[in-house]
Amino acid sequence: MTEAANSRTTARIVWDTADKYLRNIVDEEDYGDYILPFTVLRRLECMLADSKEEVTAFVASLAGMPPHLIDIAVKDKFRLSFYNVSPLDLVTIASVDDNVDKSLQSYIDGFSNNIADIWTSFDFNRRVKVLADANRLLAVVKHFSKLDLSPGQLANTAMGDVFEDVMYRAFNKKGKAAGNFYTPRDAIKLMVDILITNDDDGLAGESALRSIYDPTAGSGGMLLVAQDALKRMNEKIDVTLYGQELMASAFALGKADLLIQGGRPDAIKRGDTLVEDLYGDQTFDYVLSNPPFGMDWEAVEKEVRKQAEVDGSRFSHGLPGASDGQMLFLAHCASKLSPAAKNGQGGRAAVVSNQSPLFNSDNGPNSIRQWLLEDDLIDTIIALPTNMFYGTGIATYVWVLDTNKDPDRKGKIQLIDGSGQWDSLRKPMGEKRREMGKAHRDSLVEAYKAFEQADPAISRVLTPKDFMFRDVPVYKQARFGTHFDDAVAESLRGLRDFTDGHDAILRSLHGTPWNELPTALPLAAKSAGLKATAGFIDAAMKAMAVQDDSAPLAVDRKGNPVIVPGWKITERVPLSEDLDEHMAREVLPYEPGARWDEGKARYGTDIPFTRIFYVPEQPRPLAEIDADVEELMTELSRMFLEVRSDD
């Protein structure tokens, strides 16, 4: 039997527990919450079996020594990062009918302290009690005690496949809820492929080493997929994994999955990344993250704002609204990238987001985007298909950040539209109805490597200034004719300078081009021996003005353009474009009287992904539409005649 087939068979046997022993005891969507910790327990037990007796004796000889020093001594002597000193195991417990729950608890307590948080986070004791109260615990223990999950039977990669299969089945039961801590493998593989594709040379050789970090580690999938990809490129590469996760169940899964595949017990730490970065000033070669969409961070706002006050800190570039913390994670990921090195190496990140971080216009997101754009940290943004994730069907994107871009990519940003690269899932999981197969992923990686405007439209290469804009107020210049009647005269009678003589003068100017009034009115007044003060001229021009679209553009007595009251639009102009050239092309052909005020412009940033890739659909030919209408009318007439004949 092949390794893959063996893994699938083992996974199926493991999952058989659900149908045999959990049905009608726990909700179907919670099967995985019971099966996964027992799977972990059996794998760890099998990993320790050969050396357990010797390790137990060695630990007993170190009685009185602090636990962390015992852990170090065991690791140095036996090359084990964890151990168990209980005389019990699942086989022994399964052979006795009495006090199974207490025996199991005693056995769990025998594990080294550095993995005790796995069982706490799994809420293992409570789940054991549920099974014991239903008289099913012994059957479950017997089932797992018979499974050979030893490294000799299942290598780390094969055991990883088993655990992955069991997790998949568990999350399939949970459906949409799985999206809280599980990222689909097809999405992760694309992110990893893009991250490492420019690092081929640096990954070669026996001394190659890389660090991978996920601040929202979930079940650890991103870390493991990235590690496997690097190992396939160079089996001798030294890869170190680091993660942080807040949710207890996800933390337990992640730590356990890494542990059963030979990882370090402390590879994933538990804690709120926004409140405390448990990796301090460390930076990493690769950062991957799928932070929660639309996460309200009001509960940690005080701590985050305090950090943001520190100049140069991860949150000092701006804060988004408290209702959506995605850009906090994006800023955090950027801050955790290794700085550029002279050998060309630097940190690269792949971070999942929804559409909001692309164009959210609040000051905080604008400032964060401004920082990323000005520091040339954005390498690529990739649009994924909708319905790619378990918890949401909305549009999603991957931001690829880089502290040391290749020379030809410096000062540029690539957008890749992968929204059409998908196949339908045979059986949907929650909101996930589409998957991105290898062929689709390969096409996006090739588009990334090509780094050019692609046809059909899948890739665009722009500059950071293309995403920086100024919103310039645009006003419409009036066109006035000159009109005088009794109503106008009445409106001016309150003026101190107005006399019956002025009335006659203004009547004589009826129909005079409005722009000529500043000259014509004083001359007419002088001829009549009257005065026309500046204030009077302004008031008369305003009172006599009537809209006349055929008239020249209106200017006041001082030659300034006269703006139509209440008419104003805002034109968004990229910083990469000359303002006057943009207006001449985009505004003046449609509104020749437009005027703008750059001094009142508002500056900001956005990444209008959809607009950039928008391709207008050609309308159907009119003749074709007419033919369809005629056919429809003919059919309606026929039906009407049939109804009348029936009457």
# chains A, B, ... in the order shown; residues from 1 in each chain; ligands from 1

$ residues_around --residues "Glu45 in chain A" --least-positions-apart "4" --cutoff "8 Å" --atoms "only C-alpha atoms" --output "PyMOL selection string"
chain A and resi 41+49+89

$ residues_around --residues "Thr10 in chain A" --least-positions-apart "3" --cutoff "9 Å" --atoms "only C-alpha atoms" --output "ChimeraX atom specification"
/A:5-7,13-15,147-149,162

$ closest_atom_pairs --of "range 65-169 of chain A" --to "range 248-264 of chain A" --cutoff "9 Å" --atoms "only C-alpha atoms" --output "JSON lines"
{"residue": "A:Ser81", "atom": "CA", "partner": "A:Arg264", "partner_atom": "CA", "distance": 6.7}
{"residue": "A:Phe82", "atom": "CA", "partner": "A:Arg264", "partner_atom": "CA", "distance": 9.0}
{"residue": "A:Ile115", "atom": "CA", "partner": "A:Lys255", "partner_atom": "CA", "distance": 8.5}
{"residue": "A:Asp117", "atom": "CA", "partner": "A:Ala252", "partner_atom": "CA", "distance": 7.5}
{"residue": "A:Ile118", "atom": "CA", "partner": "A:Ala252", "partner_atom": "CA", "distance": 4.9}
{"residue": "A:Trp119", "atom": "CA", "partner": "A:Ala252", "partner_atom": "CA", "distance": 7.4}
{"residue": "A:Thr120", "atom": "CA", "partner": "A:Ala252", "partner_atom": "CA", "distance": 8.2}
{"residue": "A:Ser121", "atom": "CA", "partner": "A:Ala248", "partner_atom": "CA", "distance": 4.8}
{"residue": "A:Phe122", "atom": "CA", "partner": "A:Ser249", "partner_atom": "CA", "distance": 5.5}
{"residue": "A:Asp123", "atom": "CA", "partner": "A:Ser249", "partner_atom": "CA", "distance": 8.0}
{"residue": "A:Ala155", "atom": "CA", "partner": "A:Gln261", "partner_atom": "CA", "distance": 8.3}
{"residue": "A:Asn156", "atom": "CA", "partner": "A:Gln261", "partner_atom": "CA", "distance": 4.6}
{"residue": "A:Thr157", "atom": "CA", "partner": "A:Gln261", "partner_atom": "CA", "distance": 6.7}
{"residue": "A:Ala158", "atom": "CA", "partner": "A:Gln261", "partner_atom": "CA", "distance": 8.9}
{"residue": "A:Met159", "atom": "CA", "partner": "A:Gln261", "partner_atom": "CA", "distance": 7.0}
{"residue": "A:Gly160", "atom": "CA", "partner": "A:Gln261", "partner_atom": "CA", "distance": 6.1}
{"residue": "A:Phe163", "atom": "CA", "partner": "A:Asp257", "partner_atom": "CA", "distance": 7.1}
{"residue": "A:Glu164", "atom": "CA", "partner": "A:Asp257", "partner_atom": "CA", "distance": 8.5}
{"residue": "A:Met167", "atom": "CA", "partner": "A:Leu253", "partner_atom": "CA", "distance": 8.8}

$ residues_around --residues "Arg314 in chain A" --least-positions-apart "4" --cutoff "7 Å" --atoms "only C-alpha atoms" --output "mmCIF file with N, CA and C atoms, in the first residue's frame"
data_model
loop_
_atom_site.group_PDB
_atom_site.id
_atom_site.type_symbol
_atom_site.label_atom_id
_atom_site.label_comp_id
_atom_site.auth_asym_id
_atom_site.auth_seq_id
_atom_site.Cartn_x
_atom_site.Cartn_y
_atom_site.Cartn_z
ATOM 1 N N ALA A 331 -0.515 45.856 9.167
ATOM 2 C CA ALA A 331 0.601 46.671 9.657
ATOM 3 C C ALA A 331 1.543 45.838 10.524
ATOM 4 N N HIS A 332 0.960 44.961 11.349
ATOM 5 C CA HIS A 332 1.794 44.100 12.193
ATOM 6 C C HIS A 332 2.674 43.188 11.340
ATOM 7 N N SER A 335 5.562 44.923 9.930
ATOM 8 C CA SER A 335 6.582 45.231 10.941
ATOM 9 C C SER A 335 7.423 44.019 11.313
#

$ closest_residue --among "A:Gly221, A:Pro565, A:Pro552, A:Pro513" --to "Leu288 in chain A" --atoms "only C-alpha atoms"
A:Gly221

$ residues_around --residues "range 453-468 of chain A" --least-positions-apart "6" --cutoff "12 Å" --atoms "only C-alpha atoms" --output "PyMOL selection string"
chain A and resi 358-359+366-367+369-384+408-421+443-447+572-578+602-615
